[in-house]
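Containing compact mmCIF, C-alpha atoms: entry_26.txt.
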# COMPACT_ATOMS: atom_id res chain seq x y z
CA MET A 1 16.75 3.26 23.48
CA THR A 2 13.80 1.49 25.10
CA ASN A 3 11.54 3.69 23.03
CA ARG A 4 13.28 2.68 19.80
CA ILE A 5 12.88 -0.99 20.68
CA SER A 6 9.20 -0.60 21.56
CA GLN A 7 8.64 1.45 18.38
CA GLY A 8 10.32 -1.31 16.37
CA ALA A 9 8.12 -3.93 18.03
CA ALA A 10 5.00 -1.85 17.29
CA ALA A 11 6.06 -1.44 13.65
CA LEU A 12 6.74 -5.19 13.37
CA GLY A 13 3.27 -5.96 14.79
CA ALA A 14 1.56 -3.40 12.54
CA GLY A 15 3.41 -4.80 9.50
CA ALA A 16 2.36 -8.37 10.35
CA VAL A 17 -1.31 -7.36 10.82
CA PHE A 18 -1.12 -5.53 7.48
CA GLY A 19 0.36 -8.63 5.78
CA ILE A 20 -2.25 -10.98 7.26
CA GLY A 21 -4.97 -8.53 6.18
CA LEU A 22 -3.63 -8.46 2.62
CA SER A 23 -3.48 -12.28 2.54
CA LEU A 24 -7.02 -12.68 3.91
CA SER A 25 -8.48 -9.99 1.65
CA GLY A 26 -7.23 -11.65 -1.54
CA MET A 27 -5.38 -8.46 -2.50
CA LEU A 28 -2.04 -10.26 -2.59
CA ASP A 29 -3.34 -11.70 -5.87
CA PRO A 30 -2.57 -9.44 -8.89
CA ALA A 31 -5.31 -11.20 -10.90
CA ARG A 32 -7.97 -10.01 -8.38
CA VAL A 33 -6.60 -6.46 -8.36
CA GLN A 34 -6.68 -6.33 -12.16
CA GLY A 35 -10.21 -7.78 -11.98
CA PHE A 36 -11.21 -4.79 -9.82
CA LEU A 37 -9.67 -2.31 -12.26
CA ASP A 38 -11.46 -4.05 -15.18
CA VAL A 39 -14.70 -2.13 -14.58
CA PHE A 40 -15.84 -2.50 -18.19
CA GLY A 41 -15.12 -6.26 -18.24
CA ALA A 42 -15.74 -9.08 -15.72
CA TRP A 43 -15.62 -6.70 -12.72
CA ASP A 44 -14.53 -8.11 -9.36
CA PRO A 45 -15.68 -5.65 -6.65
CA SER A 46 -13.61 -7.26 -3.83
CA LEU A 47 -11.10 -4.42 -3.56
CA ALA A 48 -13.90 -1.93 -2.85
CA PHE A 49 -14.79 -3.96 0.27
CA VAL A 50 -11.12 -4.17 1.27
CA LEU A 51 -10.73 -0.40 0.95
CA GLY A 52 -14.07 0.26 2.65
CA GLY A 53 -13.19 -1.93 5.65
CA ALA A 54 -9.71 -0.43 5.89
CA VAL A 55 -10.88 3.19 5.68
CA ALA A 56 -13.66 2.59 8.26
CA VAL A 57 -11.23 1.19 10.86
CA ALA A 58 -8.54 3.79 10.03
CA MET A 59 -11.19 6.49 10.65
CA ILE A 60 -11.64 5.18 14.20
CA GLY A 61 -7.86 5.49 14.57
CA MET A 62 -7.98 9.07 13.25
CA THR A 63 -10.77 9.95 15.71
CA LEU A 64 -8.82 8.52 18.67
CA LYS A 65 -5.70 10.37 17.48
CA ARG A 66 -7.47 13.73 17.76
CA ARG A 67 -8.02 13.08 21.47
CA MET A 68 -4.35 12.31 22.09
CA ALA A 69 -1.68 14.95 22.72
CA ARG A 70 1.03 12.55 21.49
CA PRO A 71 1.34 8.95 20.27
CA VAL A 72 1.92 6.26 22.91
CA LEU A 73 5.57 5.61 21.98
CA ASP A 74 6.75 8.99 20.65
CA THR A 75 6.69 12.65 21.64
CA VAL A 76 4.95 13.97 18.49
CA PHE A 77 2.78 12.75 15.60
CA HIS A 78 4.69 12.66 12.29
CA LEU A 79 2.02 13.46 9.73
CA PRO A 80 2.31 14.80 6.16
CA ILE A 81 1.78 18.54 6.07
CA ALA A 82 1.37 19.08 2.30
CA THR A 83 -2.13 20.12 1.27
CA LYS A 84 -1.57 21.40 -2.27
CA ILE A 85 -2.89 19.38 -5.22
CA ASP A 86 -0.09 19.93 -7.73
CA ALA A 87 1.13 18.38 -10.99
CA ARG A 88 3.68 16.19 -9.17
CA LEU A 89 0.94 14.59 -7.08
CA VAL A 90 -1.36 13.92 -10.03
CA ILE A 91 1.29 12.86 -12.58
CA GLY A 92 3.13 10.68 -10.05
CA SER A 93 -0.10 9.02 -8.95
CA ALA A 94 -1.13 8.44 -12.59
CA MET A 95 2.27 6.82 -13.32
CA PHE A 96 1.76 4.62 -10.28
CA GLY A 97 -1.73 3.73 -11.55
CA VAL A 98 -0.37 2.61 -14.95
CA GLY A 99 2.19 0.34 -13.26
CA TRP A 100 -0.48 -0.93 -10.84
CA GLY A 101 -2.73 -1.87 -13.77
CA LEU A 102 0.08 -3.45 -15.84
CA ALA A 103 1.21 -5.87 -13.11
CA GLY A 104 -1.68 -5.85 -10.61
CA LEU A 105 0.84 -5.10 -7.86
CA CYS A 106 1.27 -2.09 -5.57
CA PRO A 107 4.00 -1.63 -2.93
CA GLY A 108 2.26 -3.36 0.04
CA PRO A 109 1.22 -6.61 -1.67
CA ALA A 110 4.50 -6.76 -3.65
CA LEU A 111 6.66 -6.59 -0.50
CA SER A 112 4.35 -8.94 1.41
CA ALA A 113 4.32 -11.51 -1.42
CA LEU A 114 8.14 -11.71 -1.33
CA SER A 115 7.59 -14.48 1.25
CA LEU A 116 6.23 -16.74 -1.51
CA SER A 117 9.59 -16.35 -3.34
CA LEU A 118 8.09 -16.04 -6.83
CA MET A 119 10.47 -14.73 -9.47
CA PRO A 120 8.10 -12.10 -10.99
CA VAL A 121 7.42 -10.60 -7.53
CA VAL A 122 11.14 -10.39 -6.78
CA ALA A 123 11.74 -8.73 -10.18
CA PHE A 124 8.89 -6.27 -9.51
CA VAL A 125 10.29 -5.28 -6.10
CA VAL A 126 13.82 -4.81 -7.50
CA ALA A 127 12.43 -2.61 -10.31
CA MET A 128 10.28 -0.69 -7.79
CA VAL A 129 13.28 0.08 -5.58
CA ILE A 130 15.27 1.20 -8.66
CA GLY A 131 12.33 3.47 -9.63
CA MET A 132 12.35 5.00 -6.12
CA VAL A 133 16.12 5.58 -6.16
CA VAL A 134 15.99 7.11 -9.68
CA HIS A 135 13.21 9.47 -8.55
CA ASP A 136 15.07 10.54 -5.42
CA ARG A 137 18.31 11.12 -7.36
CA LEU A 138 16.51 13.28 -9.93
CA ALA A 139 14.62 15.21 -7.24
CA GLN A 140 17.88 15.78 -5.37
CA GLY A 141 19.62 17.04 -8.52
CA ARG A 142 16.78 19.46 -9.16
CA SER A 143 16.69 20.94 -5.67
CA ALA A 144 20.52 21.23 -5.48
CA MET B 1 -27.64 -15.84 -0.86
CA THR B 2 -24.25 -15.82 0.77
CA PHE B 3 -22.13 -12.71 0.86
CA PRO B 4 -18.83 -13.69 -0.82
CA TYR B 5 -16.90 -10.61 0.28
CA TRP B 6 -16.44 -11.33 4.02
CA PRO B 7 -12.72 -12.18 3.66
CA SER B 8 -12.18 -8.97 1.69
CA LEU B 9 -14.03 -6.87 4.27
CA LEU B 10 -12.30 -8.53 7.26
CA GLY B 11 -8.89 -8.37 5.56
CA GLY B 12 -9.49 -4.70 4.83
CA MET B 13 -10.40 -4.09 8.48
CA LEU B 14 -7.08 -5.68 9.53
CA ILE B 15 -5.28 -3.30 7.16
CA GLY B 16 -7.16 -0.41 8.83
CA LEU B 17 -6.22 -1.79 12.26
CA SER B 18 -2.56 -1.87 11.21
CA ALA B 19 -2.80 1.76 10.10
CA ALA B 20 -4.43 2.73 13.42
CA MET B 21 -1.73 0.85 15.38
CA LEU B 22 1.13 2.62 13.64
CA LEU B 23 -0.63 6.00 13.99
CA LEU B 24 -1.57 5.74 17.68
CA LEU B 25 1.57 3.91 18.88
CA ASN B 26 4.37 5.43 16.78
CA GLY B 27 2.58 8.50 15.42
CA ARG B 28 3.41 7.44 11.87
CA ILE B 29 1.46 6.95 8.64
CA ALA B 30 1.29 3.32 7.44
CA GLY B 31 1.99 4.21 3.81
CA VAL B 32 3.97 1.34 2.34
CA SER B 33 5.64 3.34 -0.47
CA GLY B 34 6.73 5.97 2.07
CA ILE B 35 8.05 3.33 4.48
CA ALA B 36 9.89 1.51 1.66
CA GLY B 37 11.22 4.81 0.30
CA ARG B 38 12.59 5.89 3.69
CA LEU B 39 14.06 2.41 4.18
CA VAL B 40 15.91 2.75 0.84
CA GLN B 41 17.21 6.17 1.98
CA GLY B 42 18.28 4.63 5.30
CA ALA B 43 15.99 6.89 7.37
CA GLN B 44 14.46 5.60 10.67
CA LEU B 45 16.01 2.30 9.69
CA SER B 46 14.90 0.07 12.58
CA ALA B 47 11.18 0.92 12.64
CA ASN B 48 10.81 0.92 8.83
CA ALA B 49 12.74 -2.36 8.48
CA ALA B 50 10.61 -3.88 11.27
CA PHE B 51 7.39 -2.89 9.46
CA VAL B 52 8.58 -4.46 6.17
CA ILE B 53 9.71 -7.64 7.99
CA GLY B 54 6.24 -7.84 9.59
CA LEU B 55 4.64 -7.33 6.17
CA VAL B 56 6.68 -10.22 4.71
CA MET B 57 5.73 -12.41 7.71
CA GLY B 58 2.01 -11.90 6.97
CA PRO B 59 1.54 -14.63 4.33
CA PRO B 60 3.46 -17.30 6.35
CA ILE B 61 1.29 -16.47 9.40
CA TYR B 62 -1.76 -16.82 7.13
CA LEU B 63 -0.39 -20.23 6.02
CA VAL B 64 -0.16 -21.37 9.66
CA LEU B 65 -3.70 -20.10 10.44
CA PHE B 66 -5.51 -21.37 7.33
CA GLY B 67 -3.33 -24.25 6.08
CA HIS B 68 -2.65 -22.83 2.62
CA TRP B 69 -0.77 -19.93 1.03
CA PRO B 70 -2.79 -16.96 -0.22
CA ALA B 71 -3.23 -17.05 -4.02
CA VAL B 72 -0.81 -15.01 -6.12
CA THR B 73 -1.59 -15.29 -9.84
CA ILE B 74 0.70 -13.30 -12.12
CA THR B 75 -0.18 -13.14 -15.81
CA ALA B 76 2.09 -10.27 -16.90
CA SER B 77 5.29 -11.06 -18.83
CA MET B 78 8.68 -10.37 -17.26
CA PRO B 79 9.36 -7.17 -19.29
CA THR B 80 5.89 -5.86 -18.34
CA ILE B 81 6.58 -6.65 -14.68
CA VAL B 82 9.85 -4.71 -14.76
CA ILE B 83 8.28 -1.67 -16.47
CA ALA B 84 5.39 -1.80 -13.99
CA GLY B 85 7.80 -1.96 -11.04
CA LEU B 86 9.78 1.05 -12.30
CA LEU B 87 6.56 3.06 -12.77
CA VAL B 88 5.22 2.09 -9.33
CA GLY B 89 8.52 2.99 -7.61
CA PHE B 90 8.99 6.29 -9.43
CA GLY B 91 5.30 7.27 -9.38
CA THR B 92 4.68 6.60 -5.69
CA ARG B 93 7.72 8.70 -4.72
CA MET B 94 6.70 11.53 -7.05
CA GLY B 95 3.06 11.39 -5.90
CA SER B 96 4.07 10.91 -2.22
CA GLY B 97 1.99 7.80 -1.64
CA CYS B 98 0.22 4.70 -2.84
CA THR B 99 -2.90 2.65 -2.12
CA SER B 100 -2.16 2.53 1.64
CA GLY B 101 -0.99 6.07 2.39
CA HIS B 102 -3.33 7.99 0.09
CA GLY B 103 -5.95 5.23 -0.28
CA VAL B 104 -6.49 4.15 3.33
CA LEU B 105 -5.18 6.92 5.61
CA GLY B 106 -5.68 9.83 3.23
CA LEU B 107 -9.33 8.96 2.63
CA ALA B 108 -9.87 8.20 6.36
CA GLY B 109 -8.57 11.70 7.16
CA PHE B 110 -10.67 13.34 4.39
CA SER B 111 -7.50 14.74 2.76
CA ARG B 112 -8.37 16.47 -0.52
CA ARG B 113 -4.81 15.88 -1.71
CA SER B 114 -5.18 12.13 -1.17
CA MET B 115 -8.60 12.11 -2.85
CA ALA B 116 -6.98 13.64 -5.95
CA ALA B 117 -4.17 11.06 -5.83
CA VAL B 118 -6.65 8.16 -5.46
CA ALA B 119 -8.73 9.47 -8.38
CA ALA B 120 -5.56 9.73 -10.52
CA PHE B 121 -4.23 6.23 -9.80
CA LEU B 122 -7.65 4.55 -10.01
CA LEU B 123 -8.40 6.22 -13.33
CA ALA B 124 -4.94 5.37 -14.72
CA GLY B 125 -5.26 1.78 -13.49
CA ILE B 126 -8.72 1.35 -15.04
CA LEU B 127 -7.54 2.83 -18.36
CA THR B 128 -4.47 0.56 -18.36
CA VAL B 129 -6.36 -2.67 -17.63
CA THR B 130 -9.12 -1.78 -20.12
CA SER B 131 -6.58 -0.99 -22.87
CA MET B 132 -4.69 -4.22 -22.18
CA ARG B 133 -7.90 -6.26 -22.46
CA MET B 134 -8.94 -4.49 -25.66
CA ALA B 135 -5.46 -5.08 -27.13
CA GLY B 136 -5.83 -8.75 -26.22
CA LEU B 137 -2.93 -8.74 -23.74
Please express the file's structure as structure tokens.
Amino acid sequence: MTNRISQGAAALGAGAVFGIGLSLSGMLDPARVQGFLDVFGAWDPSLAFVLGGAVAVAMIGMTLKRRMARPVLDTVFHLPIATKIDARLVIGSAMFGVGWGLAGLCPGPALSALSLSLMPVVAFVVAMVIGMVVHDRLAQGRSA
Amino acid sequence: MTFPYWPSLLGGMLIGLSAAMLLLLNGRIAGVSGIAGRLVQGAQLSANAAFVIGLVMGPPIYLVLFGHWPAVTITASMPTIVIAGLLVGFGTRMGSGCTSGHGVLGLAGFSRRSMAAVAAFLLAGILTVTSMRMAGL
């Protein structure tokens, strides 16, 4: 029980740091994200610095992880085990990319920006959740 | 010459710190689509809900620290927003990740699978924005 509470507190802290990082980086702003994707137009390179900074610090985390037998608050690391590059990965990611370009929003900034209570963000998140549920229903039907 | 990208770099480093925290403390990947997807399925409810609550608290904390809300400029029409949301929800579940899971942690771990995913969503995003601009949208 204590472990679940401390894990919840750690997740809350990590989420808040993520949300502050998104706010500071400017990546909460769909216009800036679309500016980054507009490489043939008035290109805004900001997102490359955001990703670079994030990957560099996450790499330190990955390096520390290799020296640990288990995470601080759990008995095992829960990491994805898939290694295959298949059609689902590429087609799914491409679909995500189209939606990302259309609205300038991806899951992290969209959820974080809910706090500004803007109607388009709320509509995006509702549609995103519906998209997730539809996918999971279809995937379930296929594997059954 | 001032370097205008400090906030982007520092903000990105905080995102990396968040990923490292969740990895080293809870042993979990800070992939937002995965966390949201598991939350919708009702799996590991407390930790996933706590992460999303923290994420939503980020901008108000920023407001307290800096005295103004972060900018959020949305130009897309409501129908476009809804289609985009459906694609992002469906696509991130099908492709098992988004900008945070594949983009930050996948690249930090040199995962070839994540590199392919990042290439696919970057390319699709660039093509989409370029086509929209050329179509005058």
Within 9 Å of range 96-102 of chain B, counting only C-alpha atoms, which residues qualify if same-chain residues fewer than 2 places away don't, as number ranges by chain? A: 51, 88-89, 92-93, 96-97, 106-108; B: 15, 19, 29-34, 88, 91-94, 104-107, 111, 113-115, 117-118, 121
Hey, what's within 9 Å of range 3-6 of chain B if we count all atoms listed in the file and toss same-chain stuff fewer than 2 positions away? As an MDAnalysis selection string, please? (chainID A and resid 25 45:46 49:50) or (chainID B and resid 1 8:11)
Name all residues at most 6 Å from range 58-61 of chain A (count all atoms listed in the file; drop same-chain ones fewer than 6 positions away) and give them as a list in words.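 Listing them by chain and then by number gives Gly16, Ala20 and Ala108 of chain B.
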Can you pull out every residue within 10 Å of range 112-125 of chain A, counting only C-alpha atoms, but drop anything in the same chain fewer than 3 positions away, and send it as number ranges by chain? A: 15-16, 18-20, 22-23, 28-29, 103, 105-109, 128-131; B: 52-60, 69-72, 74-86, 88-89
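Each of B:Gln41, B:Ser131, B:Ser18, B:Thr2 was checked against chain A using all atoms listed in the file; the smallest atom-to-atom distance is that of B:Ser18.
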Residue nearest Leu63 in chain B among A:Lys84, A:Leu111, A:Ala10, A:Leu24 (counting all atoms listed in the file):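 Smallest separation from Leu63 in chain B among the options: A:Leu24.
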Quick one: what's the axis-aligned box for range 104-108 of chain B, all listed atoms, 5 Å on every side, centre and edges in Å to one decimal, as AutoDock Vina command-line options?
--center_x -7.5 --center_y 7.0 --center_z 4.5 --size_x 14.7 --size_y 15.7 --size_z 13.7
For range 68-83 of chain A, find every residue with an atom within 10 Å (counting only C-alpha atoms), except residues of its own chain fewer than 2 positions away, and show them as a PyMOL selection string. (chain A and resi 2-7+10+63-66+85-86) or (chain B and resi 21-29+96+106+111-114)
Selection from above, C-alpha atoms, as a PDB file, in the coordinates of the input, can you write it?
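Final output, part.pdb:
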ATOM      1  CA  THR A   2      13.800   1.490  25.100  1.00  0.00           C
ATOM      2  CA  ASN A   3      11.540   3.690  23.030  1.00  0.00           C
ATOM      3  CA  ARG A   4      13.280   2.680  19.800  1.00  0.00           C
ATOM      4  CA  ILE A   5      12.880  -0.990  20.680  1.00  0.00           C
ATOM      5  CA  SER A   6       9.200  -0.600  21.560  1.00  0.00           C
ATOM      6  CA  GLN A   7       8.640   1.450  18.380  1.00  0.00           C
ATOM      7  CA  ALA A  10       5.000  -1.850  17.290  1.00  0.00           C
ATOM      8  CA  THR A  63     -10.770   9.950  15.710  1.00  0.00           C
ATOM      9  CA  LEU A  64      -8.820   8.520  18.670  1.00  0.00           C
ATOM     10  CA  LYS A  65      -5.700  10.370  17.480  1.00  0.00           C
ATOM     11  CA  ARG A  66      -7.470  13.730  17.760  1.00  0.00           C
ATOM     12  CA  ILE A  85      -2.890  19.380  -5.220  1.00  0.00           C
ATOM     13  CA  ASP A  86      -0.090  19.930  -7.730  1.00  0.00           C
TER      14      ASP A  86
ATOM     15  CA  MET B  21      -1.730   0.850  15.380  1.00  0.00           C
ATOM     16  CA  LEU B  22       1.130   2.620  13.640  1.00  0.00           C
ATOM     17  CA  LEU B  23      -0.630   6.000  13.990  1.00  0.00           C
ATOM     18  CA  LEU B  24      -1.570   5.740  17.680  1.00  0.00           C
ATOM     19  CA  LEU B  25       1.570   3.910  18.880  1.00  0.00           C
ATOM     20  CA  ASN B  26       4.370   5.430  16.780  1.00  0.00           C
ATOM     21  CA  GLY B  27       2.580   8.500  15.420  1.00  0.00           C
ATOM     22  CA  ARG B  28       3.410   7.440  11.870  1.00  0.00           C
ATOM     23  CA  ILE B  29       1.460   6.950   8.640  1.00  0.00           C
ATOM     24  CA  SER B  96       4.070  10.910  -2.220  1.00  0.00           C
ATOM     25  CA  GLY B 106      -5.680   9.830   3.230  1.00  0.00           C
ATOM     26  CA  SER B 111      -7.500  14.740   2.760  1.00  0.00           C
ATOM     27  CA  ARG B 112      -8.370  16.470  -0.520  1.00  0.00           C
ATOM     28  CA  ARG B 113      -4.810  15.880  -1.710  1.00  0.00           C
ATOM     29  CA  SER B 114      -5.180  12.130  -1.170  1.00  0.00           C
TER      30      SER B 114
END
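Going from CA of Val98 in chain A to CA of Asp38 in chain A covers 12.9 Å.
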Restricting the calculation to only C-alpha atoms, which member of A:Ile91, A:Ala54, A:Ala110, A:Met27 is positioned closest to chain B?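 Looking only at the distances to chain B, the closest residue turns out to be A:Ala54.
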When distances are computed from all atoms listed in the file, which of B:Leu39, B:Leu87, B:Gln44, B:His68 shows the smallest separation from chain A? B:Leu87
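The space separating CA of Gly13 in chain A from CA of Ala50 in chain B comes to 8.4 Å.
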Counting only C-alpha atoms, the option among A:Val126, A:Gly99, A:Gly141, A:His135 closest to Gln34 in chain A: A:Gly99
Selected residue, from A:Ala48, A:Ala87, A:Ala139, A:Val55, that lies nearest to chain B when counting only C-alpha atoms: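 Checking each of A:Ala48, A:Ala87, A:Ala139, A:Val55 against chain B, counting only C-alpha atoms, the winner is A:Val55.
Straight-line separation from CA of Val133 in chain A to CA of Pro30 in chain A: 24.1 Å.
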